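As stored in query_39.pdb (PDB, C-alpha atoms):
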```pdb
MODEL        1
ATOM      1  CA  LEU E1223     -41.700 -40.658 -37.708
ATOM      2  CA  VAL E1224     -38.871 -38.120 -37.751
ATOM      3  CA  THR E1225     -35.351 -38.172 -36.403
ATOM      4  CA  THR E1226     -33.182 -35.599 -34.686
ATOM      5  CA  ALA E1227     -29.895 -34.446 -36.048
ATOM      6  CA  THR E1228     -27.121 -36.763 -34.967
ATOM      7  CA  GLY E1229     -25.207 -34.239 -32.859
ATOM      8  CA  THR E1230     -21.512 -34.582 -32.066
ATOM      9  CA  SER E1231     -19.576 -36.781 -29.696
ATOM     10  CA  GLY E1232     -20.246 -35.951 -26.045
ATOM     11  CA  GLN E1233     -23.374 -33.896 -26.554
ATOM     12  CA  ALA E1234     -26.503 -34.661 -24.562
ATOM     13  CA  LEU E1235     -29.996 -35.065 -25.995
ATOM     14  CA  VAL E1236     -31.862 -32.135 -24.486
ATOM     15  CA  SER E1237     -35.643 -31.807 -24.400
ATOM     16  CA  GLY E1238     -37.015 -28.725 -26.085
ATOM     17  CA  GLY E1239     -40.206 -28.868 -24.016
ATOM     18  CA  ALA E1240     -43.754 -29.689 -25.062
ATOM     19  CA  GLY E1241     -44.257 -29.468 -28.805
ATOM     20  CA  VAL E1242     -40.566 -28.890 -29.533
ATOM     21  CA  ALA E1243     -38.268 -31.572 -30.869
ATOM     22  CA  PRO E1244     -35.362 -32.612 -28.667
ATOM     23  CA  ALA E1245     -31.905 -31.822 -29.915
ATOM     24  CA  TYR E1246     -28.335 -32.681 -29.110
ATOM     25  CA  GLY E1247     -26.500 -29.850 -27.395
ATOM     26  CA  THR E1248     -24.910 -28.536 -24.227
ATOM     27  CA  LEU E1249     -26.720 -29.490 -21.040
ATOM     28  CA  PRO E1250     -27.974 -26.305 -19.325
ATOM     29  CA  ILE E1251     -27.518 -25.412 -15.667
ATOM     30  CA  ALA E1252     -31.212 -26.049 -15.006
ATOM     31  CA  GLY E1253     -30.789 -29.592 -16.298
ATOM     32  CA  GLY E1254     -27.808 -30.303 -14.054
ATOM     33  CA  GLY E1255     -25.186 -29.410 -16.663
ATOM     34  CA  THR E1256     -22.591 -26.695 -17.059
ATOM     35  CA  ASN E1257     -24.023 -24.731 -20.010
ATOM     36  CA  ALA E1258     -20.424 -24.715 -21.266
ATOM     37  CA  THR E1259     -18.743 -26.698 -23.989
ATOM     38  CA  SER E1260     -15.402 -26.822 -22.183
ATOM     39  CA  MET E1261     -13.462 -25.566 -19.149
ATOM     40  CA  ALA E1262     -10.948 -23.217 -20.702
ATOM     41  CA  THR E1263      -8.152 -23.216 -18.114
ATOM     42  CA  THR E1264      -6.316 -26.223 -16.784
ATOM     43  CA  ASP E1265      -5.914 -25.917 -12.986
ATOM     44  CA  GLY E1266      -8.384 -23.013 -12.833
ATOM     45  CA  VAL E1267     -11.176 -22.904 -10.266
ATOM     46  CA  VAL E1268     -14.744 -23.413 -11.507
ATOM     47  CA  TYR E1269     -17.327 -20.720 -10.727
ATOM     48  CA  TYR E1270     -20.761 -19.630 -11.999
ATOM     49  CA  ASP E1271     -20.776 -16.377 -13.980
ATOM     50  CA  GLY E1272     -24.559 -16.027 -14.042
ATOM     51  CA  THR E1273     -24.942 -17.963 -17.288
ATOM     52  CA  ARG E1274     -22.643 -20.950 -17.211
ATOM     53  CA  LEU E1275     -19.807 -22.603 -15.328
ATOM     54  CA  VAL E1276     -16.416 -21.158 -16.252
ATOM     55  CA  THR E1277     -12.889 -21.275 -14.849
ATOM     56  CA  THR E1278     -10.558 -18.685 -13.389
ATOM     57  CA  SER E1279      -7.024 -18.258 -14.604
ATOM     58  CA  ALA E1280      -4.600 -20.640 -12.940
ATOM     59  CA  GLY E1281      -2.614 -17.981 -11.091
ATOM     60  CA  THR E1282       0.980 -18.435  -9.983
ATOM     61  CA  ALA E1283       2.582 -20.117  -6.991
ATOM     62  CA  GLY E1284       1.816 -18.344  -3.696
ATOM     63  CA  GLN E1285      -1.127 -16.290  -4.952
ATOM     64  CA  VAL E1286      -4.546 -16.482  -3.271
ATOM     65  CA  LEU E1287      -7.988 -16.579  -4.909
ATOM     66  CA  THR E1288      -9.580 -13.204  -4.197
ATOM     67  CA  SER E1289     -13.146 -11.962  -4.580
ATOM     68  CA  ASN E1290     -13.404  -8.772  -6.636
ATOM     69  CA  GLY E1291     -16.988  -8.070  -5.578
ATOM     70  CA  ALA E1292     -20.401  -8.818  -7.037
ATOM     71  CA  GLY E1293     -20.511  -9.151 -10.797
ATOM     72  CA  VAL E1294     -16.726  -9.359 -11.195
ATOM     73  CA  ALA E1295     -14.863 -12.615 -11.724
ATOM     74  CA  PRO E1296     -12.573 -13.755  -8.901
ATOM     75  CA  THR E1297      -8.866 -13.681  -9.658
ATOM     76  CA  TYR E1298      -5.652 -14.950  -8.179
ATOM     77  CA  GLN E1299      -3.681 -12.131  -6.540
ATOM     78  CA  ALA E1300      -0.593 -11.716  -4.415
ATOM     79  CA  SER E1301      -1.160 -12.290  -0.726
ATOM     80  CA  GLY E1302      -0.541  -8.654   0.162
ATOM     81  CA  ALA E1303      -0.809  -9.133   3.929
ATOM     82  CA  MET E1304       2.183 -11.463   3.764
ATOM     83  CA  THR E1305       4.303  -9.771   1.097
ATOM     84  CA  THR E1306       3.946  -6.022   1.635
ATOM     85  CA  GLN E1307       6.490  -4.560   4.058
ATOM     86  CA  PHE E1308       8.989  -1.736   3.680
ATOM     87  CA  SER E1309      11.429   0.309   5.723
ATOM     88  CA  ALA E1310      12.969   3.402   4.129
ATOM     89  CA  TYR E1311      15.420   5.971   5.466
ATOM     90  CA  LEU E1312      17.197   9.233   4.685
ATOM     91  CA  THR E1313      20.791   8.592   3.620
ATOM     92  CA  ALA E1314      22.206  12.103   4.071
ATOM     93  CA  ASP E1315      21.440  15.276   5.997
ATOM     94  CA  ALA E1316      18.787  17.484   4.409
ATOM     95  CA  THR E1317      20.267  20.833   5.462
ATOM     96  CA  ASN E1318      18.248  24.053   5.634
ATOM     97  CA  ALA E1319      15.150  22.011   4.841
ATOM     98  CA  THR E1320      12.654  24.020   6.856
ATOM     99  CA  GLY E1321      12.280  26.401   9.785
ATOM    100  CA  ASP E1322      10.436  29.273   8.124
ATOM    101  CA  GLY E1323       7.215  27.317   7.498
ATOM    102  CA  THR E1324       8.473  25.613   4.344
ATOM    103  CA  PHE E1325       6.789  22.215   4.023
ATOM    104  CA  VAL E1326       8.941  19.271   3.028
ATOM    105  CA  ASN E1327       6.225  17.641   0.956
ATOM    106  CA  PRO E1328       6.857  14.843   0.419
ATOM    107  CA  LEU E1329       9.851  13.904   2.506
ATOM    108  CA  ILE E1330      11.729  11.465   0.274
ATOM    109  CA  PHE E1331      13.423   8.646   2.148
ATOM    110  CA  ASP E1332      15.889   7.703  -0.550
ATOM    111  CA  ALA E1333      17.013   4.189   0.435
ATOM    112  CA  THR E1334      15.391   1.076   1.840
ATOM    113  CA  ILE E1335      16.474  -1.586   4.307
ATOM    114  CA  PHE E1336      13.830  -3.864   2.781
ATOM    115  CA  ASN E1337      10.988  -3.313   0.329
ATOM    116  CA  ASN E1338       9.025  -6.554   0.046
ATOM    117  CA  GLY E1339       6.424  -6.179  -2.671
ATOM    118  CA  SER E1340       8.210  -3.104  -4.099
ATOM    119  CA  GLY E1341       5.485  -0.787  -2.797
ATOM    120  CA  TYR E1342       7.808   2.048  -1.714
ATOM    121  CA  ASN E1343       9.408   4.337  -4.316
ATOM    122  CA  THR E1344      12.751   5.868  -3.255
ATOM    123  CA  GLY E1345      12.489   8.417  -6.071
ATOM    124  CA  THR E1346       9.106   9.912  -5.120
ATOM    125  CA  GLY E1347       8.770   9.099  -1.405
ATOM    126  CA  ASN E1348       5.420   7.430  -2.059
ATOM    127  CA  PHE E1349       4.233   4.047  -0.881
ATOM    128  CA  THR E1350       1.577   2.609  -3.232
ATOM    129  CA  ALA E1351      -0.862   0.032  -1.865
ATOM    130  CA  PRO E1352      -0.841  -3.090  -4.062
ATOM    131  CA  ALA E1353      -4.259  -4.210  -2.816
ATOM    132  CA  THR E1354      -7.193  -2.956  -0.750
ATOM    133  CA  GLY E1355      -6.687  -3.435   2.976
ATOM    134  CA  LEU E1356      -5.427  -1.980   6.268
ATOM    135  CA  TYR E1357      -1.857  -0.672   6.398
ATOM    136  CA  TYR E1358       0.192   0.356   9.446
ATOM    137  CA  PHE E1359       2.790   3.111   9.090
ATOM    138  CA  THR E1360       5.453   4.485  11.430
ATOM    139  CA  VAL E1361       7.688   7.515  10.937
ATOM    140  CA  ASN E1362      10.736   8.657  12.887
ATOM    141  CA  ILE E1363      12.175  12.180  12.431
ATOM    142  CA  PHE E1364      15.444  13.647  13.785
ATOM    143  CA  LEU E1365      15.503  17.475  13.733
ATOM    144  CA  ALA E1366      18.786  19.363  14.210
ATOM    145  CA  ASN E1367      19.871  23.030  14.328
ATOM    146  CA  LEU E1368      16.710  24.123  16.100
ATOM    147  CA  GLY E1369      16.847  27.672  17.420
ATOM    148  CA  ALA E1370      14.921  29.380  20.193
ATOM    149  CA  ALA E1371      12.602  31.028  17.682
ATOM    150  CA  HIS E1372      11.578  27.713  16.126
ATOM    151  CA  THR E1373       8.395  27.412  18.156
ATOM    152  CA  ALA E1374       6.144  25.182  16.035
ATOM    153  CA  PHE E1375       6.504  21.847  14.294
ATOM    154  CA  GLU E1376       3.934  19.827  12.338
ATOM    155  CA  LEU E1377       4.222  16.248  11.046
ATOM    156  CA  PHE E1378       1.724  14.553   8.726
ATOM    157  CA  VAL E1379       1.143  11.023   7.469
ATOM    158  CA  ASN E1380      -0.727  11.503   4.197
ATOM    159  CA  THR E1381      -2.779   8.973   2.259
ATOM    160  CA  THR E1382      -4.944   9.413  -0.820
ATOM    161  CA  ALA E1383      -8.048   9.517   1.398
ATOM    162  CA  ASN E1384      -6.763  11.266   4.549
ATOM    163  CA  GLN E1385      -4.143  13.588   5.998
ATOM    164  CA  LEU E1386      -3.330  12.613   9.587
ATOM    165  CA  PHE E1387      -2.096  15.477  11.766
ATOM    166  CA  SER E1388       0.341  13.160  13.525
ATOM    167  CA  PHE E1389       2.449  15.433  15.721
ATOM    168  CA  GLN E1390       2.568  19.083  16.797
ATOM    169  CA  CYS E1391       4.869  20.720  19.326
ATOM    170  CA  ASN E1392       7.210  23.556  20.199
ATOM    171  CA  PRO E1393      10.326  21.795  18.911
ATOM    172  CA  PHE E1394      12.970  23.983  20.558
ATOM    173  CA  ALA E1395      11.303  23.755  23.967
ATOM    174  CA  MET E1396      11.143  19.973  23.664
ATOM    175  CA  ALA E1397      14.707  19.838  22.343
ATOM    176  CA  MET E1398      15.992  21.558  25.485
ATOM    177  CA  ALA E1399      14.821  18.520  27.456
ATOM    178  CA  SER E1400      15.800  16.038  24.771
ATOM    179  CA  ILE E1401      19.074  14.431  23.667
ATOM    180  CA  ALA E1402      20.886  17.729  23.087
ATOM    181  CA  ALA E1403      20.091  21.411  22.723
ATOM    182  CA  GLY E1404      18.788  22.105  19.238
ATOM    183  CA  GLN E1405      18.069  18.454  18.479
ATOM    184  CA  LEU E1406      14.771  16.595  18.702
ATOM    185  CA  VAL E1407      13.560  13.101  17.784
ATOM    186  CA  VAL E1408       9.818  12.575  17.205
ATOM    187  CA  ASN E1409       7.837   9.616  15.961
ATOM    188  CA  ALA E1410       4.277   8.832  14.973
ATOM    189  CA  SER E1411       2.211   5.902  13.715
ATOM    190  CA  TYR E1412      -1.002   5.538  11.739
ATOM    191  CA  LEU E1413      -3.361   2.691  10.791
ATOM    192  CA  ALA E1414      -4.827   3.519   7.379
ATOM    193  CA  SER E1415      -7.599   1.996   5.296
ATOM    194  CA  MET E1416      -6.386   2.045   1.689
ATOM    195  CA  THR E1417      -7.695   0.834  -1.638
ATOM    196  CA  ALA E1418      -5.473  -0.604  -4.347
ATOM    197  CA  SER E1419      -3.252   2.112  -5.926
ATOM    198  CA  ASP E1420      -3.756   4.573  -3.039
ATOM    199  CA  THR E1421      -0.531   6.260  -1.923
ATOM    200  CA  ALA E1422       0.985   7.246   1.417
ATOM    201  CA  PHE E1423       3.799   9.700   2.129
ATOM    202  CA  ILE E1424       5.251  11.936   4.869
ATOM    203  CA  SER E1425       5.285  15.732   5.061
ATOM    204  CA  LEU E1426       6.491  18.133   7.746
ATOM    205  CA  ALA E1427       7.424  21.744   8.550
ATOM    206  CA  VAL E1428       9.081  23.789  11.286
ATOM    207  CA  PHE E1429       7.774  27.351  11.681
ATOM    208  CA  SER E1430       8.436  30.821  13.062
ATOM    209  CA  SER E1431      12.094  31.472  12.252
ATOM    210  CA  THR E1432      14.760  30.972   9.602
ATOM    211  CA  LYS E1433      15.140  28.069   7.184
ATOM    212  CA  THR E1434      18.059  26.493   8.998
ATOM    213  CA  VAL E1435      16.616  23.242  10.383
ATOM    214  CA  THR E1436      18.289  20.028   9.274
ATOM    215  CA  LEU E1437      16.651  16.634   8.856
ATOM    216  CA  LYS E1438      19.302  14.210  10.038
ATOM    217  CA  GLY E1439      20.453  11.545   7.596
ATOM    218  CA  ASN E1440      22.305   8.378   8.471
ATOM    219  CA  ASN E1441      26.012   8.157   9.096
ATOM    220  CA  THR E1442      28.121   5.242   7.962
ATOM    221  CA  GLY E1443      28.902   2.536  10.461
ATOM    222  CA  THR E1444      28.088  -0.911  11.713
ATOM    223  CA  PRO E1445      25.387  -1.201  12.791
ATOM    224  CA  LEU E1446      24.034   1.482  10.480
ATOM    225  CA  PRO E1447      22.479   4.352  12.467
ATOM    226  CA  ILE E1448      19.047   5.335  11.138
ATOM    227  CA  TYR E1449      17.757   8.795  12.097
ATOM    228  CA  CYS E1450      14.877   9.617   9.751
ATOM    229  CA  SER E1451      12.795   6.651   8.624
ATOM    230  CA  PHE E1452       9.408   5.654   7.204
ATOM    231  CA  SER E1453       8.133   2.085   7.528
ATOM    232  CA  GLY E1454       4.910   0.208   6.901
ATOM    233  CA  PHE E1455       3.204  -3.096   6.303
ATOM    234  CA  ARG E1456      -0.200  -4.512   5.440
ATOM    235  CA  VAL E1457      -2.069  -5.985   8.398
ATOM    236  CA  ALA E1458      -5.350  -7.151   6.791
TER     237      ALA E1458
ENDMDL
END
```
Structure translated into structure tokens:
Amino acid sequence: LVTTATGTSGQALVSGGAGVAPAYGTLPIAGGGTNATSMATTDGVVYYDGTRLVTTSAGTAGQVLTSNGAGVAPTYQASGAMTTQFSAYLTADATNATGDGTFVNPLIFDATIFNNGSGYNTGTGNFTAPATGLYYFTVNIFLANLGAAHTAFELFVNTTANQLFSFQCNPFAMAMASIAAGQLVVNASYLASMTASDTAFISLAVFSSTKTVTLKGNNTGTPLPIYCSFSGFRVA
């Protein structure tokens, strides 16, 4: 007769199979156990990592448990669809910005009305996606000091993956039928598929004449008039 080692408190006596002595140890998954000696995180969620049962980090209030794909542990992340919205605008006139084909790239909207999730940067003009998903963008542009020779205008919504040719026109011809001679308001929208850390920004140019076209900034007042703006939010 022989005896096993005594083991430690809480261990199970596990068969070693035919011809192998049983021993105290951690109960494996195949035997209905966890193959783990402890669950490391209080309030974490238990999942199988391919070898044993383990726990996620606990996360913080308001976060959602998110799959990171096969072979990668799930993690708690901000609920981007609920917390990512921004609306930015141009605070002052950008005079002589274009007109001779010069691209304003990027157009920096230097103030925000709101910036939930802090995705928009007023210093660079870039919005950075905090998480992978679908994002909806709108842009509004007020052009002033258009002359008869300004016969082409191009507006782009740019993302890391794509450049959307959003608007093209003869701006002076449209301005003649618009709010006032030499002034034109245009807008565009774009639904973009973005991965985490992708960026989005606006660029534009007026062609065919002199560099005298102004991008209209806001004036002071109540309510605050907004002329050139860039807005967006995550939809899924």
Item to check | Residues matched by the PyMOL selection byres ((chain E and resi 1272-1280) around 8), written as an NGL selection string | outcome: :E and (1250-1251 or 1256-1258 or 1261-1271 or 1281-1282 or 1295-1298)
Item to check | Selection result of the PyMOL selection byres ((chain E and resi 1312-1314) around 10) on this file, as a PyMOL selection string | outcome: chain E and resi 1310-1311+1315-1317+1329-1334+1344+1363+1437-1442+1447-1452
Item to check | Local residues around (-4.5, 1.0, 6.9), at most 7 Å away, using all atoms listed in the file, as a PyMOL selection string | outcome: chain E and resi 1355-1358+1413-1416
Please write the residues picked by the PyMOL selection byres ((chain E and resi 1224-1241) around 12) on this file as an mmCIF file with C-alpha atoms, keeping the file's coordinate frame.
```
data_model
loop_
_atom_site.group_PDB
_atom_site.id
_atom_site.type_symbol
_atom_site.label_atom_id
_atom_site.label_comp_id
_atom_site.auth_asym_id
_atom_site.auth_seq_id
_atom_site.Cartn_x
_atom_site.Cartn_y
_atom_site.Cartn_z
ATOM 1 C CA LEU E 1223 -41.700 -40.658 -37.708
ATOM 2 C CA VAL E 1242 -40.566 -28.890 -29.533
ATOM 3 C CA ALA E 1243 -38.268 -31.572 -30.869
ATOM 4 C CA PRO E 1244 -35.362 -32.612 -28.667
ATOM 5 C CA ALA E 1245 -31.905 -31.822 -29.915
ATOM 6 C CA TYR E 1246 -28.335 -32.681 -29.110
ATOM 7 C CA GLY E 1247 -26.500 -29.850 -27.395
ATOM 8 C CA THR E 1248 -24.910 -28.536 -24.227
ATOM 9 C CA LEU E 1249 -26.720 -29.490 -21.040
ATOM 10 C CA PRO E 1250 -27.974 -26.305 -19.325
ATOM 11 C CA ILE E 1251 -27.518 -25.412 -15.667
ATOM 12 C CA ALA E 1252 -31.212 -26.049 -15.006
ATOM 13 C CA GLY E 1253 -30.789 -29.592 -16.298
ATOM 14 C CA GLY E 1254 -27.808 -30.303 -14.054
ATOM 15 C CA GLY E 1255 -25.186 -29.410 -16.663
ATOM 16 C CA THR E 1256 -22.591 -26.695 -17.059
ATOM 17 C CA ASN E 1257 -24.023 -24.731 -20.010
ATOM 18 C CA ALA E 1258 -20.424 -24.715 -21.266
ATOM 19 C CA THR E 1259 -18.743 -26.698 -23.989
ATOM 20 C CA SER E 1260 -15.402 -26.822 -22.183
#
```
Item to check | Distance in Å - atom CA of E:Gln1390 versus atom CA of E:Thr1373 | outcome: 10.3 Å
Next on the checklist: Report as number ranges by chain all protein, DNA and RNA residues lying within 8 Å of E:Gly1341, evaluated on all atoms listed in the file, omitting residues in the same chain fewer than 5 positions from it.
Outcome noted: E: 1306-1308, 1349-1352
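What separates atom CA of E:Ser1388 from atom CA of E:Phe1429 is a distance of 16.1 Å.
Every protein or nucleic acid residue with an atom no more than 12 Å from E:Gly1369, counting only C-alpha atoms and leaving out same-chain residues fewer than 6 positions away, appears here: Thr1320, Gly1321, Asp1322, Asn1392, Pro1393, Phe1394, Ala1395, Met1396, Ala1397, Met1398, Ala1403, Gly1404, Gln1405, Leu1406, Val1428, Phe1429, Ser1430, Ser1431, Thr1432, Lys1433, Thr1434, Val1435 and Thr1436 of chain E.
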Where atoms are lacking, stretch 1242-1264 of chain E completed to N, CA, C and O atoms, as a PDB file, in the frame of the given file:
```
ATOM      1  N   VAL E1242     -41.834 -29.270 -28.899  1.00  0.00           N
ATOM      2  CA  VAL E1242     -40.566 -28.890 -29.533  1.00  0.00           C
ATOM      3  C   VAL E1242     -39.682 -30.122 -29.583  1.00  0.00           C
ATOM      4  O   VAL E1242     -39.525 -30.836 -28.585  1.00  0.00           O
ATOM      5  N   ALA E1243     -39.101 -30.384 -30.714  1.00  0.00           N
ATOM      6  CA  ALA E1243     -38.268 -31.572 -30.869  1.00  0.00           C
ATOM      7  C   ALA E1243     -37.027 -31.479 -29.991  1.00  0.00           C
ATOM      8  O   ALA E1243     -36.442 -30.404 -29.842  1.00  0.00           O
ATOM      9  N   PRO E1244     -36.623 -32.604 -29.410  1.00  0.00           N
ATOM     10  CA  PRO E1244     -35.362 -32.612 -28.667  1.00  0.00           C
ATOM     11  C   PRO E1244     -34.189 -32.444 -29.623  1.00  0.00           C
ATOM     12  O   PRO E1244     -34.309 -32.688 -30.829  1.00  0.00           O
ATOM     13  N   ALA E1245     -33.089 -32.017 -29.074  1.00  0.00           N
ATOM     14  CA  ALA E1245     -31.905 -31.822 -29.915  1.00  0.00           C
ATOM     15  C   ALA E1245     -30.655 -32.094 -29.096  1.00  0.00           C
ATOM     16  O   ALA E1245     -30.638 -31.927 -27.865  1.00  0.00           O
ATOM     17  N   TYR E1246     -29.616 -32.502 -29.774  1.00  0.00           N
ATOM     18  CA  TYR E1246     -28.335 -32.681 -29.110  1.00  0.00           C
ATOM     19  C   TYR E1246     -27.677 -31.316 -28.879  1.00  0.00           C
ATOM     20  O   TYR E1246     -27.685 -30.457 -29.767  1.00  0.00           O
ATOM     21  N   GLY E1247     -27.140 -31.133 -27.693  1.00  0.00           N
ATOM     22  CA  GLY E1247     -26.500 -29.850 -27.395  1.00  0.00           C
ATOM     23  C   GLY E1247     -25.838 -29.859 -26.030  1.00  0.00           C
ATOM     24  O   GLY E1247     -25.630 -30.920 -25.420  1.00  0.00           O
ATOM     25  N   THR E1248     -25.544 -28.697 -25.537  1.00  0.00           N
ATOM     26  CA  THR E1248     -24.910 -28.536 -24.227  1.00  0.00           C
ATOM     27  C   THR E1248     -25.977 -28.571 -23.144  1.00  0.00           C
ATOM     28  O   THR E1248     -26.993 -27.867 -23.233  1.00  0.00           O
ATOM     29  N   LEU E1249     -25.739 -29.356 -22.119  1.00  0.00           N
ATOM     30  CA  LEU E1249     -26.720 -29.490 -21.040  1.00  0.00           C
ATOM     31  C   LEU E1249     -26.742 -28.218 -20.210  1.00  0.00           C
ATOM     32  O   LEU E1249     -25.713 -27.788 -19.688  1.00  0.00           O
ATOM     33  N   PRO E1250     -27.913 -27.579 -20.056  1.00  0.00           N
ATOM     34  CA  PRO E1250     -27.974 -26.305 -19.325  1.00  0.00           C
ATOM     35  C   PRO E1250     -27.842 -26.498 -17.816  1.00  0.00           C
ATOM     36  O   PRO E1250     -27.966 -27.600 -17.296  1.00  0.00           O
ATOM     37  N   ILE E1251     -27.618 -25.390 -17.133  1.00  0.00           N
ATOM     38  CA  ILE E1251     -27.518 -25.412 -15.667  1.00  0.00           C
ATOM     39  C   ILE E1251     -28.781 -26.001 -15.055  1.00  0.00           C
ATOM     40  O   ILE E1251     -28.718 -26.828 -14.144  1.00  0.00           O
ATOM     41  N   ALA E1252     -29.943 -25.588 -15.577  1.00  0.00           N
ATOM     42  CA  ALA E1252     -31.212 -26.049 -15.006  1.00  0.00           C
ATOM     43  C   ALA E1252     -31.389 -27.553 -15.144  1.00  0.00           C
ATOM     44  O   ALA E1252     -32.140 -28.177 -14.394  1.00  0.00           O
ATOM     45  N   GLY E1253     -30.702 -28.154 -16.107  1.00  0.00           N
ATOM     46  CA  GLY E1253     -30.789 -29.592 -16.298  1.00  0.00           C
ATOM     47  C   GLY E1253     -29.665 -30.348 -15.611  1.00  0.00           C
ATOM     48  O   GLY E1253     -29.480 -31.540 -15.855  1.00  0.00           O
ATOM     49  N   GLY E1254     -28.909 -29.658 -14.775  1.00  0.00           N
ATOM     50  CA  GLY E1254     -27.808 -30.303 -14.054  1.00  0.00           C
ATOM     51  C   GLY E1254     -26.497 -30.275 -14.797  1.00  0.00           C
ATOM     52  O   GLY E1254     -25.538 -30.943 -14.410  1.00  0.00           O
ATOM     53  N   GLY E1255     -26.410 -29.479 -15.875  1.00  0.00           N
ATOM     54  CA  GLY E1255     -25.186 -29.410 -16.663  1.00  0.00           C
ATOM     55  C   GLY E1255     -24.372 -28.185 -16.333  1.00  0.00           C
ATOM     56  O   GLY E1255     -24.537 -27.539 -15.294  1.00  0.00           O
ATOM     57  N   THR E1256     -23.491 -27.825 -17.264  1.00  0.00           N
ATOM     58  CA  THR E1256     -22.591 -26.695 -17.059  1.00  0.00           C
ATOM     59  C   THR E1256     -22.925 -25.498 -17.936  1.00  0.00           C
ATOM     60  O   THR E1256     -22.445 -24.395 -17.684  1.00  0.00           O
ATOM     61  N   ASN E1257     -23.744 -25.742 -18.993  1.00  0.00           N
ATOM     62  CA  ASN E1257     -24.023 -24.731 -20.010  1.00  0.00           C
ATOM     63  C   ASN E1257     -22.732 -24.223 -20.664  1.00  0.00           C
ATOM     64  O   ASN E1257     -22.652 -23.101 -21.124  1.00  0.00           O
ATOM     65  N   ALA E1258     -21.699 -25.062 -20.649  1.00  0.00           N
ATOM     66  CA  ALA E1258     -20.424 -24.715 -21.266  1.00  0.00           C
ATOM     67  C   ALA E1258     -19.940 -25.904 -22.077  1.00  0.00           C
ATOM     68  O   ALA E1258     -20.196 -27.059 -21.724  1.00  0.00           O
ATOM     69  N   THR E1259     -19.258 -25.617 -23.146  1.00  0.00           N
ATOM     70  CA  THR E1259     -18.743 -26.698 -23.989  1.00  0.00           C
ATOM     71  C   THR E1259     -17.390 -27.197 -23.522  1.00  0.00           C
ATOM     72  O   THR E1259     -16.963 -28.279 -23.892  1.00  0.00           O
ATOM     73  N   SER E1260     -16.690 -26.392 -22.707  1.00  0.00           N
ATOM     74  CA  SER E1260     -15.402 -26.822 -22.183  1.00  0.00           C
ATOM     75  C   SER E1260     -15.019 -25.938 -21.006  1.00  0.00           C
ATOM     76  O   SER E1260     -15.576 -24.856 -20.822  1.00  0.00           O
ATOM     77  N   MET E1261     -14.079 -26.379 -20.193  1.00  0.00           N
ATOM     78  CA  MET E1261     -13.462 -25.566 -19.149  1.00  0.00           C
ATOM     79  C   MET E1261     -12.143 -25.069 -19.728  1.00  0.00           C
ATOM     80  O   MET E1261     -11.241 -25.855 -20.043  1.00  0.00           O
ATOM     81  N   ALA E1262     -12.017 -23.763 -19.875  1.00  0.00           N
ATOM     82  CA  ALA E1262     -10.948 -23.217 -20.702  1.00  0.00           C
ATOM     83  C   ALA E1262      -9.559 -23.330 -20.080  1.00  0.00           C
ATOM     84  O   ALA E1262      -8.574 -23.394 -20.793  1.00  0.00           O
ATOM     85  N   THR E1263      -9.466 -23.322 -18.739  1.00  0.00           N
ATOM     86  CA  THR E1263      -8.152 -23.216 -18.114  1.00  0.00           C
ATOM     87  C   THR E1263      -7.842 -24.449 -17.281  1.00  0.00           C
ATOM     88  O   THR E1263      -8.551 -24.754 -16.322  1.00  0.00           O
ATOM     89  N   THR E1264      -6.791 -25.128 -17.621  1.00  0.00           N
ATOM     90  CA  THR E1264      -6.316 -26.223 -16.784  1.00  0.00           C
ATOM     91  C   THR E1264      -5.835 -25.671 -15.448  1.00  0.00           C
ATOM     92  O   THR E1264      -5.126 -24.665 -15.399  1.00  0.00           O
TER      93      THR E1264
END
```
